[in-house]
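**Student:** So here's start-v1.cif, just mmCIF, C-alpha atoms and all ligand atoms:
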```cif
data_target
#
loop_
_atom_site.label_atom_id
_atom_site.label_comp_id
_atom_site.auth_asym_id
_atom_site.auth_seq_id
_atom_site.Cartn_x
_atom_site.Cartn_y
_atom_site.Cartn_z
CA MET A 1 10.93 -44.58 0.15
CA LYS A 2 10.21 -43.15 -3.27
CA MET A 3 6.49 -43.90 -2.94
CA ASN A 4 6.45 -42.40 0.55
CA ALA A 5 7.94 -39.16 -0.69
CA LEU A 6 5.46 -39.08 -3.54
CA SER A 7 2.49 -39.78 -1.26
CA ARG A 8 3.66 -37.11 1.14
CA TRP A 9 3.95 -34.67 -1.75
CA LEU A 10 0.44 -35.57 -2.94
CA ILE A 11 -1.04 -35.21 0.55
CA VAL A 12 0.48 -31.76 0.93
CA SER A 13 0.00 -30.54 -2.63
CA ILE A 14 -3.46 -31.73 -3.60
CA PRO A 15 -5.31 -29.66 -0.96
CA LEU A 16 -3.16 -26.63 -1.90
CA ILE A 17 -4.16 -27.00 -5.53
CA LEU A 18 -7.76 -27.98 -4.90
CA LEU A 19 -8.63 -25.46 -2.19
CA PRO A 20 -8.57 -22.41 -4.49
CA VAL A 21 -10.60 -24.37 -7.08
CA ILE A 22 -13.21 -25.36 -4.45
CA LEU A 23 -13.36 -21.78 -3.11
CA TRP A 24 -13.85 -20.48 -6.64
CA PHE A 25 -17.04 -22.49 -7.09
CA VAL A 26 -18.42 -22.33 -3.54
CA LEU A 27 -17.98 -18.71 -2.49
CA PRO A 28 -19.93 -15.64 -3.63
CA GLN A 29 -16.71 -13.71 -4.35
CA PRO A 30 -14.27 -16.40 -5.50
CA ARG A 31 -11.58 -14.04 -6.83
CA ALA A 32 -11.46 -12.25 -3.48
CA ALA A 33 -11.33 -15.51 -1.51
CA VAL A 34 -8.45 -16.91 -3.57
CA TYR A 35 -6.59 -13.58 -3.43
CA GLY A 36 -7.03 -13.49 0.37
CA LEU A 37 -5.85 -17.08 0.68
CA TYR A 38 -2.61 -16.44 -1.24
CA ARG A 39 -2.00 -13.13 0.55
CA ASP A 40 -2.37 -14.74 3.97
CA ARG A 41 -0.12 -17.65 2.99
CA GLY A 42 2.49 -15.12 1.84
CA ARG A 43 2.15 -13.27 5.10
CA SER A 44 2.64 -16.30 7.32
CA SER A 45 5.55 -17.61 5.26
CA VAL A 46 7.36 -14.27 5.53
CA LEU A 47 6.76 -14.09 9.28
CA THR A 48 8.00 -17.62 9.89
CA SER A 49 11.09 -16.96 7.77
CA LEU A 50 12.23 -14.05 9.99
CA LYS A 51 15.34 -15.32 11.77
CA GLY A 52 16.90 -13.41 14.67
CA TYR A 53 14.09 -10.85 14.84
CA GLU A 54 12.52 -9.66 18.06
CA LYS A 55 8.89 -8.64 18.46
CA LEU A 56 7.34 -5.62 20.10
CA SER A 57 3.55 -5.70 20.46
CA GLY A 58 1.10 -2.86 20.90
CA LYS A 59 -2.68 -2.82 20.95
CA TYR A 60 -3.11 -3.20 17.18
CA VAL A 61 0.27 -4.07 15.68
CA ASP A 62 3.30 -6.32 16.07
CA VAL A 63 6.66 -4.80 15.14
CA TYR A 64 9.45 -7.22 14.15
CA PHE A 65 13.00 -5.88 14.33
CA MET A 66 16.68 -6.76 14.81
CA GLU A 67 18.40 -5.90 18.09
CA LYS A 68 20.31 -2.92 16.61
CA ASP A 69 16.98 -1.30 15.66
CA LYS A 70 15.45 -1.56 19.13
CA THR A 71 15.14 2.21 19.66
CA VAL A 72 13.58 2.91 16.27
CA ALA A 73 11.28 -0.10 16.72
CA GLY A 74 9.76 1.76 19.68
CA TRP A 75 9.17 4.80 17.47
CA VAL A 76 7.64 2.64 14.73
CA LEU A 77 5.30 0.98 17.22
CA GLU A 78 4.24 4.30 18.75
CA THR A 79 3.64 5.92 15.34
CA THR A 80 1.77 2.95 13.88
CA GLU A 81 -0.50 2.75 16.93
CA SER A 82 -1.20 6.47 16.77
CA VAL A 83 -2.18 6.57 13.07
CA TYR A 84 -4.01 3.21 13.17
CA GLN A 85 -7.48 4.56 14.12
CA PRO A 86 -7.41 7.56 11.74
CA VAL A 87 -6.37 5.29 8.85
CA THR A 88 -9.13 2.77 9.64
CA GLN A 89 -11.60 5.67 9.55
CA GLN A 90 -10.27 6.99 6.25
CA VAL A 91 -10.42 3.60 4.54
CA GLY A 92 -13.53 2.38 6.38
CA TYR A 93 -11.97 -0.88 7.50
CA THR A 94 -10.87 -2.30 10.84
CA PRO A 95 -8.54 -5.29 10.50
CA THR A 96 -9.49 -8.49 12.27
CA ASP A 97 -5.83 -9.45 12.78
CA ARG A 98 -2.92 -7.57 14.26
CA VAL A 99 -0.92 -5.71 11.62
CA PRO A 100 2.61 -7.12 11.19
CA VAL A 101 5.22 -4.40 10.64
CA ILE A 102 8.72 -5.65 9.79
CA ILE A 103 11.78 -3.41 10.12
CA TYR A 104 14.55 -4.65 7.82
CA PRO A 105 18.04 -3.72 9.01
CA ASP A 106 19.35 -2.77 5.54
CA ARG A 107 18.36 -2.34 1.90
CA ASP A 108 19.62 -5.79 0.89
CA GLU A 109 17.41 -7.56 3.44
CA LEU A 110 14.38 -5.55 2.34
CA ARG A 111 15.15 -6.21 -1.35
CA GLN A 112 15.60 -9.92 -0.78
CA ALA A 113 12.36 -10.14 1.16
CA PHE A 114 10.47 -8.24 -1.49
CA GLY A 115 12.28 -9.45 -4.61
CA TRP A 116 13.29 -6.01 -5.85
CA GLY A 117 16.15 -5.47 -8.24
CA ASN A 118 19.27 -3.66 -7.10
CA GLY A 119 18.19 -0.31 -8.51
CA GLU A 120 15.13 -0.06 -6.30
CA SER A 121 15.09 1.58 -2.96
CA ALA A 122 12.33 2.83 -0.74
CA MET A 123 11.64 3.51 2.89
CA GLY A 124 8.71 1.17 3.00
CA VAL A 125 6.44 -1.13 1.10
CA TYR A 126 3.15 -2.91 1.67
CA TRP A 127 3.36 -6.46 0.42
CA SER A 128 1.31 -9.57 0.96
CA GLY A 129 -0.40 -8.67 4.24
CA THR A 130 2.66 -7.09 5.83
CA VAL A 131 4.04 -3.58 6.18
CA ARG A 132 7.78 -3.70 5.50
CA LEU A 133 10.02 -0.82 6.45
CA LEU A 134 13.64 -0.04 5.84
CA SER A 135 15.20 0.71 9.22
CA PRO A 136 15.11 4.48 9.86
CA ASN A 137 18.74 4.00 11.02
CA VAL A 138 19.59 3.54 7.32
CA TRP A 139 17.72 6.50 5.81
CA ILE A 140 18.23 9.07 8.56
CA SER A 141 21.77 10.42 8.76
CA GLU A 142 21.34 12.42 12.00
CA LYS A 143 23.36 10.89 14.82
CA ARG A 144 21.57 12.06 17.96
CA ASP A 145 18.35 10.21 18.80
CA ARG A 146 16.43 13.45 19.33
CA ASP A 147 17.33 14.77 15.85
CA LYS A 148 16.78 11.38 14.29
CA ARG A 149 13.33 11.16 15.87
CA SER A 150 12.26 14.50 14.49
CA VAL A 151 13.24 13.47 10.92
CA PHE A 152 11.45 10.16 11.46
CA ASP A 153 8.27 11.91 12.63
CA LYS A 154 8.29 14.11 9.55
CA LEU A 155 9.16 11.56 6.83
CA ASN A 156 8.16 8.05 7.97
CA PRO A 157 5.90 6.23 5.49
CA ILE A 158 3.77 4.44 8.11
CA ALA A 159 0.38 6.13 7.46
CA HIS A 160 0.97 5.56 3.74
CA GLU A 161 1.81 1.84 4.01
CA LEU A 162 -0.96 1.25 6.54
CA THR A 163 -3.47 2.70 4.04
CA HIS A 164 -2.30 0.16 1.43
CA TYR A 165 -2.76 -2.57 4.05
CA MET A 166 -6.31 -1.48 4.97
CA LEU A 167 -7.42 -1.04 1.33
CA ASP A 168 -5.98 -4.40 0.35
CA TYR A 169 -7.78 -6.24 3.16
CA ARG A 170 -10.98 -4.25 2.63
CA THR A 171 -11.19 -5.00 -1.10
CA ASN A 172 -9.01 -8.10 -1.50
CA GLY A 173 -6.84 -6.54 -4.14
CA ASN A 174 -9.74 -5.13 -6.19
CA TYR A 175 -8.19 -1.81 -7.29
CA PRO A 176 -5.75 -0.45 -9.87
CA ARG A 177 -2.26 0.32 -8.61
CA TRP A 178 -2.62 4.09 -9.19
CA PHE A 179 -5.72 4.19 -7.02
CA THR A 180 -4.06 2.64 -3.96
CA GLU A 181 -1.02 4.93 -4.44
CA GLY A 182 -3.29 7.97 -4.75
CA LEU A 183 -5.34 7.03 -1.70
CA ALA A 184 -2.26 6.20 0.40
CA GLN A 185 -0.75 9.60 -0.39
CA ARG A 186 -4.03 11.37 0.31
CA VAL A 187 -4.42 9.73 3.75
CA GLU A 188 -0.73 10.32 4.49
CA TYR A 189 -1.06 13.98 3.52
CA ALA A 190 -4.19 14.42 5.66
CA LEU A 191 -2.55 12.82 8.70
CA THR A 192 1.06 13.98 8.46
CA GLY A 193 1.12 16.87 5.95
CA TYR A 194 3.74 15.03 3.86
CA LEU A 195 3.41 14.98 0.08
CA TRP A 196 6.06 13.61 -2.31
CA ILE A 197 6.76 16.40 -4.79
CA GLU A 198 10.07 16.93 -6.58
CA SER A 199 11.30 18.49 -9.81
CA ASP A 200 10.64 15.28 -11.79
CA SER A 201 6.98 15.36 -10.76
CA SER A 202 6.38 18.80 -12.30
CA LEU A 203 3.05 18.97 -14.14
CA ASP A 204 4.66 21.08 -16.84
CA GLN A 205 5.54 18.07 -19.02
CA ASP A 206 3.73 15.30 -20.92
CA LEU A 207 1.56 13.50 -18.41
CA TYR A 208 0.96 9.74 -18.32
CA SER A 209 -2.30 8.58 -19.87
CA LEU A 210 -4.92 6.71 -17.86
CA ASP A 211 -3.88 3.52 -19.70
CA ASP A 212 -0.25 4.09 -18.64
CA LEU A 213 -1.28 4.51 -15.00
CA SER A 214 -3.72 1.61 -15.03
CA GLY A 215 -1.76 -0.89 -17.08
CA GLN A 216 1.92 -0.52 -16.27
CA PHE A 217 2.32 1.67 -13.19
CA ASP A 218 5.50 -0.03 -11.94
CA ASN A 219 7.21 0.20 -15.32
CA LEU A 220 6.69 3.94 -15.79
CA THR A 221 10.13 5.54 -15.83
CA ASN A 222 9.14 8.73 -14.05
CA GLN A 223 7.81 7.32 -10.77
CA PRO A 224 7.58 10.72 -8.99
CA LEU A 225 5.24 11.87 -11.78
CA ALA A 226 3.17 8.66 -11.69
CA TYR A 227 2.74 9.06 -7.92
CA ARG A 228 1.87 12.75 -8.20
CA GLN A 229 -0.74 12.11 -10.92
CA SER A 230 -2.22 9.32 -8.77
CA PHE A 231 -2.53 11.61 -5.76
CA LEU A 232 -4.07 14.44 -7.78
CA LEU A 233 -6.49 12.12 -9.57
CA VAL A 234 -7.81 10.58 -6.34
CA ASP A 235 -7.97 14.01 -4.71
CA TYR A 236 -9.83 15.39 -7.74
CA ILE A 237 -12.44 12.60 -7.56
CA ALA A 238 -12.98 13.25 -3.83
CA GLN A 239 -13.22 17.02 -4.30
CA THR A 240 -15.45 16.90 -7.37
CA TYR A 241 -17.83 14.13 -6.37
CA GLY A 242 -17.54 14.35 -2.58
CA GLU A 243 -16.09 12.25 0.23
CA ASP A 244 -19.25 10.12 0.18
CA ALA A 245 -18.51 9.14 -3.42
CA MET A 246 -15.03 8.07 -2.35
CA THR A 247 -16.45 6.02 0.54
CA GLY A 248 -19.06 4.50 -1.81
CA LEU A 249 -16.38 3.67 -4.35
CA VAL A 250 -14.36 1.73 -1.77
CA ASN A 251 -17.57 0.01 -0.59
CA HIS A 252 -18.28 -1.17 -4.13
CA LEU A 253 -14.71 -2.39 -4.55
CA SER A 254 -15.11 -4.30 -1.33
CA ASP A 255 -18.29 -5.91 -2.74
CA GLY A 256 -16.26 -7.09 -5.74
CA VAL A 257 -17.57 -4.52 -8.27
CA LYS A 258 -14.91 -3.81 -10.93
CA PHE A 259 -13.14 -0.46 -10.55
CA GLU A 260 -14.53 1.20 -13.71
CA ALA A 261 -18.11 0.12 -12.88
CA ALA A 262 -17.71 1.26 -9.25
CA VAL A 263 -16.49 4.67 -10.42
CA SER A 264 -19.41 5.20 -12.80
CA ARG A 265 -21.95 4.06 -10.21
CA MET A 266 -20.64 6.61 -7.71
CA THR A 267 -19.99 9.54 -10.05
CA GLY A 268 -22.27 8.97 -13.04
CA ARG A 269 -19.18 9.36 -15.29
CA SER A 270 -16.81 6.90 -16.87
CA MET A 271 -13.22 6.81 -15.64
CA PRO A 272 -11.83 7.96 -19.07
CA ASP A 273 -14.25 10.95 -18.95
CA ILE A 274 -13.13 11.80 -15.42
CA TYR A 275 -9.50 11.55 -16.52
CA GLU A 276 -10.15 14.00 -19.43
CA ASN A 277 -11.87 16.45 -17.05
CA TRP A 278 -9.00 16.04 -14.63
CA LEU A 279 -6.51 16.98 -17.39
CA ASP A 280 -8.46 20.21 -17.98
CA TRP A 281 -8.53 20.86 -14.23
CA VAL A 282 -4.74 20.37 -14.01
CA ASP A 283 -4.28 22.79 -16.93
CA LYS A 284 -6.40 25.39 -15.19
CA HIS A 285 -4.72 25.03 -11.78
CA ARG A 286 -1.18 24.30 -12.93
CA THR A 287 0.31 27.44 -11.39
CA ASP A 288 -1.26 26.81 -7.96
CA LEU A 289 -0.38 23.11 -8.06
CA GLU A 290 3.25 23.84 -8.98
CA ALA A 291 3.49 26.46 -6.24
CA ALA A 292 2.27 23.87 -3.68
CA GLY A 293 5.44 21.89 -4.43
ZN ZN A 301 2.63 3.38 -1.79
#
```
Could you write out this structure as structure tokens?

**Tutor:**
Amino acid sequence: MKMNALSRWLIVSIPLILLPVILWFVLPQPRAAVYGLYRDRGRSSVLTSLKGYEKLSGKYVDVYFMEKDKTVAGWVLETTESVYQPVTQQVGYTPTDRVPVIIYPDRDELRQAFGWGNGESAMGVYWSGTVRLLSPNVWISEKRDRDKRSVFDKLNPIAHELTHYMLDYRTNGNYPRWFTEGLAQRVEYALTGYLWIESDSSLDQDLYSLDDLSGQFDNLTNQPLAYRQSFLLVDYIAQTYGEDAMTGLVNHLSDGVKFEAAVSRMTGRSMPDIYENWLDWVDKHRTDLEAAG
């Protein structure tokens, strides 16, 4: 019996260990292939682990939800389907698979699924090939469906999370965290008019350096500021070098070109230079930018 268990383990494990190694040597973009492999394994394991969830399918997406969230699941499906095409246009990528959107009934379920600590809370997250949302029934206090729906329409993070999804599949993870957060907010702002600005994200304080944003985004204590800087930096690149430069940048990322090299190919400047110019631009426009909040 012992040998059988060992042989079974070897039969299952060896291909899992060897496949990434084989892909690494055989494929033109090995890092991307291995990244995609692990992402898709994560995605199917999370979908198969959903117990007691129902599924609502549209043209492009599948929404997974618990019975008590049936009404909001309809809203999520409708909204996701309606922003799907505009987001694909913004990111320049049309998924080959249906997009799985999971509605978790409470914060604990979302945290467990995502591995967050107790302090964290959010309305949504893109993770491992899936869009994961906290049930709007948790974050909207309005009781009547009509009122609840209007808050949902204004504040839902679907366009934002869908942008993360598209960029991740388009480039197989080839981007710094601040760039995907900046792009997601820019697409969200263009499509819904929502921008996350609060007193903590005021530009009238010490700003994070490019190294801070690039190297330790999730550990930065002032997350509203990190998100605001990301949005403004991406928006600055698009406004200064043009939408075509932004499209070209994403194209290069999708071809496996490293972020810094992709930026200098499309703008003729290095990312640290652009960041310095951006700081000057923020200084010059601080009053207008603060008023926008
Ligand atoms: Zn985000």

**Student:** Could you tell me which of A:Gly173, A:Gly248, A:Gly58, A:Gly124 comes closest to ligand ZN 301 (chain A) if we count all atoms listed in the file?

**Tutor:** A:Gly124

**Student:** Could you tell me how far atom CA of A:Val46 lies from atom CA of A:Lys68, in Å and to one decimal?

**Tutor:**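 Rounded to one decimal, the two atoms are 20.5 Å apart.
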
**Student:** Write out as a JSON list (two decimals) with C-alpha atoms, in the frame of the given file each polymer residue (protein, DNA or RNA) that has an atom no more than 9 Å from ligand ZN 301 (chain A), with only C-alpha atoms and all ligand atoms counted.

**Tutor:**
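Result went into pocket-v8.json, see below:
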```json
[["chain", "number", "residue", "atom", "x", "y", "z"],
["A", 124, "GLY", "CA", 8.71, 1.17, 3.00],
["A", 125, "VAL", "CA", 6.44, -1.13, 1.10],
["A", 126, "TYR", "CA", 3.15, -2.91, 1.67],
["A", 157, "PRO", "CA", 5.90, 6.23, 5.49],
["A", 160, "HIS", "CA", 0.97, 5.56, 3.74],
["A", 161, "GLU", "CA", 1.81, 1.84, 4.01],
["A", 163, "THR", "CA", -3.47, 2.70, 4.04],
["A", 164, "HIS", "CA", -2.30, 0.16, 1.43],
["A", 177, "ARG", "CA", -2.26, 0.32, -8.61],
["A", 180, "THR", "CA", -4.06, 2.64, -3.96],
["A", 181, "GLU", "CA", -1.02, 4.93, -4.44],
["A", 182, "GLY", "CA", -3.29, 7.97, -4.75],
["A", 183, "LEU", "CA", -5.34, 7.03, -1.70],
["A", 184, "ALA", "CA", -2.26, 6.20, 0.40],
["A", 185, "GLN", "CA", -0.75, 9.60, -0.39],
["A", 227, "TYR", "CA", 2.74, 9.06, -7.92]]
```

**Student:** Stretch 254-262 of chain A: which residues within 6 Å, counting all atoms listed in the file, same-chain residues fewer than 5 positions away excluded, as a VMD selection string?

**Tutor:** chain A and resid 170 to 171 249

**Student:** Restricting the calculation to all atoms listed in the file, which member of A:Glu188, A:Asp40, A:Asp235, A:Glu142 is positioned closest to A:Val282?

**Tutor:**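 Nearest candidate to A:Val282 out of A:Glu188, A:Asp40, A:Asp235, A:Glu142: A:Asp235.
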
**Student:** Would you mind telling me which residue in A:Ser150, A:Ser230, A:Thr130, A:Thr192 lies nearest to A:Phe179 when using all atoms listed in the file?

**Tutor:**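 Going through A:Ser150, A:Ser230, A:Thr130, A:Thr192 one by one, the smallest distance to A:Phe179 is for A:Ser230.
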
**Student:** Would you mind reading off the distance between atom CA of A:Ser44 and atom CA of A:Pro176, one decimal, in Å?

**Tutor:** 24.8 Å

**Student:** Just the residues within 10 Å of A:Arg132, please, counting all atoms listed in the file, with nothing from its chain fewer than 3 positions along; format it as a PDB file with C-alpha atoms, keeping the file's coordinate frame.

**Tutor:**
```pdb
ATOM      1  CA  VAL A  63       6.660  -4.800  15.140  1.00  0.00           C
ATOM      2  CA  TYR A  64       9.450  -7.220  14.150  1.00  0.00           C
ATOM      3  CA  PRO A 100       2.610  -7.120  11.190  1.00  0.00           C
ATOM      4  CA  VAL A 101       5.220  -4.400  10.640  1.00  0.00           C
ATOM      5  CA  ILE A 102       8.720  -5.650   9.790  1.00  0.00           C
ATOM      6  CA  ILE A 103      11.780  -3.410  10.120  1.00  0.00           C
ATOM      7  CA  TYR A 104      14.550  -4.650   7.820  1.00  0.00           C
ATOM      8  CA  LEU A 110      14.380  -5.550   2.340  1.00  0.00           C
ATOM      9  CA  ALA A 113      12.360 -10.140   1.160  1.00  0.00           C
ATOM     10  CA  PHE A 114      10.470  -8.240  -1.490  1.00  0.00           C
ATOM     11  CA  MET A 123      11.640   3.510   2.890  1.00  0.00           C
ATOM     12  CA  GLY A 124       8.710   1.170   3.000  1.00  0.00           C
ATOM     13  CA  VAL A 125       6.440  -1.130   1.100  1.00  0.00           C
ATOM     14  CA  TYR A 126       3.150  -2.910   1.670  1.00  0.00           C
ATOM     15  CA  TRP A 127       3.360  -6.460   0.420  1.00  0.00           C
ATOM     16  CA  SER A 128       1.310  -9.570   0.960  1.00  0.00           C
ATOM     17  CA  GLY A 129      -0.400  -8.670   4.240  1.00  0.00           C
ATOM     18  CA  SER A 135      15.200   0.710   9.220  1.00  0.00           C
ATOM     19  CA  ILE A 158       3.770   4.440   8.110  1.00  0.00           C
ATOM     20  CA  GLU A 161       1.810   1.840   4.010  1.00  0.00           C
TER      21      GLU A 161
END
```

**Student:** Do you have the atom CA of A:Thr88-atom CA of A:Met166 distance handy?

**Tutor:**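 Atom-to-atom, atom CA of A:Thr88 and atom CA of A:Met166 are spaced 6.9 Å apart.
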
**Student:** Here is a test: counting all atoms listed in the file, which residue of A:Asp108, A:Glu81, A:Asp283, A:Asp244 is nearest to A:Thr267?

**Tutor:**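 Nearest candidate to A:Thr267 out of A:Asp108, A:Glu81, A:Asp283, A:Asp244: A:Asp244.
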
**Student:** Report as a short mmCIF file (atom, residue, chain, number, x, y, z; two decimals) with C-alpha atoms, in the coordinates of the input all protein, DNA and RNA residues lying within 7 Å of stretch 209-215 of chain A, evaluated on all atoms listed in the file, omitting residues in the same chain fewer than 2 positions from it.

**Tutor:**
```cif
data_model
loop_
_atom_site.label_atom_id
_atom_site.label_comp_id
_atom_site.auth_asym_id
_atom_site.auth_seq_id
_atom_site.Cartn_x
_atom_site.Cartn_y
_atom_site.Cartn_z
CA PRO A 176 -5.75 -0.45 -9.87
CA ARG A 177 -2.26 0.32 -8.61
CA TRP A 178 -2.62 4.09 -9.19
CA LEU A 207 1.56 13.50 -18.41
CA PHE A 217 2.32 1.67 -13.19
CA ALA A 226 3.17 8.66 -11.69
CA TYR A 275 -9.50 11.55 -16.52
#
```

**Student:** Have a look at A:Arg111, A:Leu167, A:Gly193, A:Val76 and name the one nearest to A:Phe152; count only C-alpha atoms.

**Tutor:**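 Ranked by minimum distance to A:Phe152, first place goes to A:Val76.
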
**Student:** Under the rule that only C-alpha atoms are counted, which of A:Arg269, A:Ala159, A:Val131, A:Asn172 is the nearest residue to A:Gln85?

**Tutor:**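 Checking each candidate against A:Gln85, we get A:Ala159 as the closest.
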
**Student:** A:Thr96: which residues within 10 Å, counting only C-alpha atoms, same-chain residues fewer than 3 positions away excluded, as a compact mmCIF listing (two decimals) with C-alpha atoms, keeping the file's coordinate frame?

**Tutor:**
```txt
# COMPACT_ATOMS: atom_id res chain seq x y z
CA TYR A 60 -3.11 -3.20 17.18
CA TYR A 93 -11.97 -0.88 7.50
CA VAL A 99 -0.92 -5.71 11.62
CA TYR A 169 -7.78 -6.24 3.16
```
